[in-house]
Amino acid sequence: MNWDVLIRGGLVIDGSGRPGEIADVAIDGERIAAIGKSLPAGSARVIDAEALAVAPGFIDIKTHSDFTLPINPKAESKLRQGVTTEIVGHCGFSVAPILPGKRQLVQDYLSASAPWLPFRETNFRDYLDSFPRTSVNAGMLVGHHTLRLNVMGMDARSPSPAELDHMTALLEEGLTAGALGLSSGLFTPPSSYADRAEMVALCKVLRRHNAGYFTHLRDESNNVIAAVEEAIDIARTCGVHVEIVHLKCSGLDNWGKAAQILAMIEAARDEGLAVDCDAYPYAAGSNPLKNLLPQWVQSSGLEEMLARLALAEAREKIRIEIDRDGLNNWGRIPSWDCVQISISPHLPQHAGQTFGKIAAARGRDAVDVVCDYLIEDKGATRVLITSIAEEDIREIVRSPSALVGSDGNCVADYGVTSQGMPHPRFYGTFPRIIGHYVHDERLLPLEQAVRKMTGATAQALRLRDRGLIKEGYRADITIFDPADFKDRATYADPHQYPTGRRTTVLVNGTIVVENAKHTGATPGVVLRRAADGSVQ
């Protein structure tokens, strides 16, 4: 046989959860053509995989790379982790659709998440059709924040029947174009203004299109149990698949609740509901700084928020509410030293500093410093918040039902996306699972970790022919040394690729990383949901 590529003699871990077996994998065009012992090489390009694992390309089910792929199409920080597919548009934050006259509103709203991305007016079909060539596959979600911004701005109220119809029409257009589903960010305005009736109405649209619902819970801290119940109720009421993204129990008062939540998800599955979750293996999360403050701070939009933050009475109200309840969605933290500036477009010199240290250096109250900083940085500051217990992380990592998602953008150690100090998960999520929790901690076997990153994720997303090493499937393949695949990115020095000199990655049959070097190829495709709900 004349294959295009032959991967010779690796430990094939097929993504199903079965232990690996030594075999060859032959690739013809974009697909896996054969798997077996001692396949003939013919004229194929041979990749020596002896002593290496050969796995399906990792599927990052939870990312915000729609903010960076158009300006960093090579997606180095993800590919070097073995990621071949990203699902974007999460937490209600999508960059489409944008109606005429709404571009600046959406751009201002997303300034802390996508400070360098150019925005344009577009419907969802044009957004998908014009998405640039990239090195990874990408599936897109329609964001609930974005729907509300287009139709209602930042109004803190329920939609009128006409407004709900308008949001429904925008969602319908996105789903018809091939969006995988709807994402929500119920933890912060304007999504947080939505009641159950609004979300049920939108999710019934998803049901008609066999699409999924991906939710950032309404509260990941003090009311996390009730928020999980709300997500499960949507699955039960609307009959849709629900993905609870970046599952966490944030804040000192909520540590230790992960096992209870995982049990709730298992009980929902036993009931016949389609509910999944994913998480990243780090004790810190990341968010726009403005989202840590009480929700009323953001009402009426950016300019009004910045004016409000300058008022002494507003600051005192913020201080009282944080002292009483902790940070919005994050709960109580030991101190403001747990909040570190990650990306600060207008004050880049402060990246890496904590608000505790800045307040101490200035001899001022931390809430005043935070308010002043948001005003100076025009609301665009992004921060890291250390608020998660290691034991909860371990509980989720070892759970066979919890998937892996980085919640990170594709960035690089050069160019515009190398600015600031992003979360180390951007560079290290998948090798951290394998290098730390599998290899060092022996928390779970390698084949189960790979399944959580590939086959199980593909099943949750209904990917038609990805996620397994199987004849006829797309040749999205990651080759790595299980003993030399460790995260190196840290909070202090995040722009570091993982170890692994022999790491090689193929996307749709094309080599994009060879021995840890990017080839420059951009064979990724935009994934679209078909009418039956499958994604290809």
# chains A, B, ... in the order shown; residues from 1 in each chain; ligands from 1
>>> closest_atom_pairs(of="stretch 156-189 of chain A", to="stretch 241-248 of chain A", cutoff="12 Å", atoms="only C-alpha atoms", output="Markdown table")
| residue | atom | partner | partner_atom | distance |
| --- | --- | --- | --- | --- |
| A:Leu180 | CA | A:His241 | CA | 11.1 |
| A:Gly181 | CA | A:His241 | CA | 9.6 |
| A:Leu182 | CA | A:Val242 | CA | 9.9 |
| A:Ser183 | CA | A:Glu243 | CA | 9.2 |
| A:Ser184 | CA | A:Val245 | CA | 9.9 |
| A:Gly185 | CA | A:Val245 | CA | 9.9 |
| A:Leu186 | CA | A:Ile244 | CA | 11.7 |
>>> write_last_selection(atoms="N, CA, C and O atoms", output="PDB file, in the first residue's frame")
ATOM      1  N   LEU A 180     -22.281  24.893  17.177  1.00  0.00           N
ATOM      2  CA  LEU A 180     -22.478  23.665  17.936  1.00  0.00           C
ATOM      3  C   LEU A 180     -23.545  23.820  19.014  1.00  0.00           C
ATOM      4  O   LEU A 180     -24.084  22.828  19.500  1.00  0.00           O
ATOM      5  N   GLY A 181     -23.816  25.054  19.414  1.00  0.00           N
ATOM      6  CA  GLY A 181     -24.814  25.267  20.447  1.00  0.00           C
ATOM      7  C   GLY A 181     -24.743  26.663  21.002  1.00  0.00           C
ATOM      8  O   GLY A 181     -24.194  27.586  20.385  1.00  0.00           O
ATOM      9  N   LEU A 182     -25.301  26.808  22.197  1.00  0.00           N
ATOM     10  CA  LEU A 182     -25.365  28.085  22.915  1.00  0.00           C
ATOM     11  C   LEU A 182     -24.495  27.995  24.153  1.00  0.00           C
ATOM     12  O   LEU A 182     -24.515  26.988  24.864  1.00  0.00           O
ATOM     13  N   SER A 183     -23.755  29.064  24.425  1.00  0.00           N
ATOM     14  CA  SER A 183     -23.017  29.150  25.689  1.00  0.00           C
ATOM     15  C   SER A 183     -23.620  30.250  26.543  1.00  0.00           C
ATOM     16  O   SER A 183     -24.140  31.239  26.023  1.00  0.00           O
ATOM     17  N   SER A 184     -23.557  30.056  27.851  1.00  0.00           N
ATOM     18  CA  SER A 184     -24.039  31.091  28.764  1.00  0.00           C
ATOM     19  C   SER A 184     -22.984  31.380  29.819  1.00  0.00           C
ATOM     20  O   SER A 184     -22.161  30.527  30.150  1.00  0.00           O
ATOM     21  N   GLY A 185     -23.041  32.601  30.322  1.00  0.00           N
ATOM     22  CA  GLY A 185     -22.184  33.018  31.428  1.00  0.00           C
ATOM     23  C   GLY A 185     -23.050  33.655  32.489  1.00  0.00           C
ATOM     24  O   GLY A 185     -23.038  34.878  32.671  1.00  0.00           O
ATOM     25  N   LEU A 186     -23.821  32.828  33.168  1.00  0.00           N
ATOM     26  CA  LEU A 186     -24.848  33.329  34.079  1.00  0.00           C
ATOM     27  C   LEU A 186     -24.297  33.977  35.334  1.00  0.00           C
ATOM     28  O   LEU A 186     -25.060  34.484  36.154  1.00  0.00           O
TER      29      LEU A 186
END
>>> residues_around(residues="A:Pro73", least_positions_apart="2", cutoff="7 Å", atoms="only C-alpha atoms", output="list in words")
Leu69, Pro70, Ile71, Ala75, Arg133, Thr134 and Ser135 of chain A
>>> residues_around(residues="A:Thr63", least_positions_apart="5", cutoff="12 Å", atoms="only C-alpha atoms", output="MDAnalysis selection string")
chainID A and resid 68:69 78 83 85:94 113 138:141 183 214 245:246 278:280 404:411 425:426 429
>>> closest_residue(among="A:Asp126, A:Asp270, A:Asp392, A:Asp233", to="A:Leu252", atoms="only C-alpha atoms")
A:Asp392
>>> closest_residue(among="A:Arg464, A:His350, A:Arg80, A:Lys102", to="A:Leu527", atoms="only C-alpha atoms")
A:Arg464
>>> residues_around(residues="A:Gly356", least_positions_apart="2", cutoff="8 Å", atoms="only C-alpha atoms", output="list of chain:residue names")
A:Ser335, A:Trp336, A:Asp337, A:Cys338, A:Val339, A:Thr354, A:Ile358, A:Ala359, A:Ala360, A:Ala366
>>> select_by_dssp(residues="stretch 19-181 of chain A", states="helix (DSSP H, G or I)", output="ChimeraX atom specification")
/A:65-67,76-79,103-109,124-129,144-152,161-177
>>> closest_residue(among="A:Ala310, A:Ala33, A:Gly301, A:Leu292", to="A:Ile322", atoms="only C-alpha atoms")
A:Leu292
>>> atom_distance(atom1="atom CA of A:Gly17", atom2="atom CA of A:Leu468")
10.1 Å
>>> closest_residue(among="A:Ala483, A:Ile318, A:Leu99, A:Pro345", to="A:Val438", atoms="only C-alpha atoms")
A:Ala483
>>> closest_residue(among="A:Pro482, A:Val297, A:Gln81, A:Arg488", to="A:Glu50", atoms="only C-alpha atoms")
A:Pro482
>>> closest_atom_pairs(of="stretch 440-470 of chain A", to="stretch 58-62 of chain A", cutoff="8 Å", atoms="only C-alpha atoms", output="Markdown table")
| residue | atom | partner | partner_atom | distance |
| --- | --- | --- | --- | --- |
| A:Val450 | CA | A:Phe58 | CA | 7.8 |
| A:Met453 | CA | A:Phe58 | CA | 5.4 |
| A:Thr454 | CA | A:Phe58 | CA | 5.4 |
| A:Thr457 | CA | A:Ile59 | CA | 6.7 |
| A:Ala458 | CA | A:Ile59 | CA | 7.4 |
| A:Gly467 | CA | A:Ile59 | CA | 7.4 |
>>> write_last_selection(atoms="N, CA, C and O atoms", output="mmCIF file, in the first residue's frame")
data_model
loop_
_atom_site.group_PDB
_atom_site.id
_atom_site.type_symbol
_atom_site.label_atom_id
_atom_site.label_comp_id
_atom_site.auth_asym_id
_atom_site.auth_seq_id
_atom_site.Cartn_x
_atom_site.Cartn_y
_atom_site.Cartn_z
ATOM 1 N N VAL A 450 -6.198 9.869 28.627
ATOM 2 C CA VAL A 450 -6.360 10.126 27.193
ATOM 3 C C VAL A 450 -7.839 10.071 26.804
ATOM 4 O O VAL A 450 -8.320 10.901 26.031
ATOM 5 N N MET A 453 -9.652 13.189 27.419
ATOM 6 C CA MET A 453 -9.230 14.279 26.549
ATOM 7 C C MET A 453 -9.638 14.069 25.096
ATOM 8 O O MET A 453 -9.497 14.978 24.285
ATOM 9 N N THR A 454 -10.111 12.867 24.770
ATOM 10 C CA THR A 454 -10.340 12.532 23.363
ATOM 11 C C THR A 454 -11.683 11.849 23.142
ATOM 12 O O THR A 454 -12.673 12.494 22.835
ATOM 13 N N THR A 457 -14.658 13.121 25.158
ATOM 14 C CA THR A 457 -14.981 14.492 24.745
ATOM 15 C C THR A 457 -15.676 14.493 23.389
ATOM 16 O O THR A 457 -16.662 15.209 23.181
ATOM 17 N N ALA A 458 -15.151 13.690 22.463
ATOM 18 C CA ALA A 458 -15.776 13.596 21.140
ATOM 19 C C ALA A 458 -17.206 13.085 21.252
ATOM 20 O O ALA A 458 -18.106 13.549 20.536
ATOM 21 N N GLY A 467 -11.578 11.855 17.654
ATOM 22 C CA GLY A 467 -11.513 11.462 19.053
ATOM 23 C C GLY A 467 -11.053 10.048 19.295
ATOM 24 O O GLY A 467 -10.834 9.661 20.447
#
>>> atom_distance(atom1="atom CA of A:Asp24", atom2="atom CA of A:Ala49")
8.7 Å
>>> residues_around(residues="stretch 170-176 of chain A", least_positions_apart="4", cutoff="12 Å", atoms="only C-alpha atoms", output="JSON, numbers by chain")
{"A": [89, 94, 95, 96, 97, 98, 99, 122, 123, 124, 125, 126, 127, 128, 129, 139, 140, 141, 142, 143, 144, 145, 146, 147, 148, 149, 150, 151, 163, 164, 165, 166, 180, 181, 182, 183, 201, 202, 203, 204, 205, 206, 207, 208, 209, 210, 211, 212, 213, 528, 529, 530, 531, 532, 533, 535]}
>>> residues_around(residues="A:Pro445", least_positions_apart="6", cutoff="10 Å", atoms="only C-alpha atoms", output="PyMOL selection string")
chain A and resi 17+19+398+434+437-439
>>> write_last_selection(atoms="C-alpha atoms", output="PDB file, in the first residue's frame")
ATOM      1  CA  GLY A  17     -10.041   3.891  27.591  1.00  0.00           C
ATOM      2  CA  PRO A  19      -4.826  -0.013  27.439  1.00  0.00           C
ATOM      3  CA  ARG A 398      -9.528  11.200  38.754  1.00  0.00           C
ATOM      4  CA  ILE A 434      -0.339  13.526  31.872  1.00  0.00           C
ATOM      5  CA  TYR A 437      -1.330  13.589  37.669  1.00  0.00           C
ATOM      6  CA  VAL A 438      -0.659  10.464  35.578  1.00  0.00           C
ATOM      7  CA  HIS A 439       3.130  10.112  35.567  1.00  0.00           C
TER       8      HIS A 439
END
>>> closest_residue(among="A:Gly57, A:Gly36, A:Gly82, A:Gly239", to="A:Asn515", atoms="only C-alpha atoms")
A:Gly82
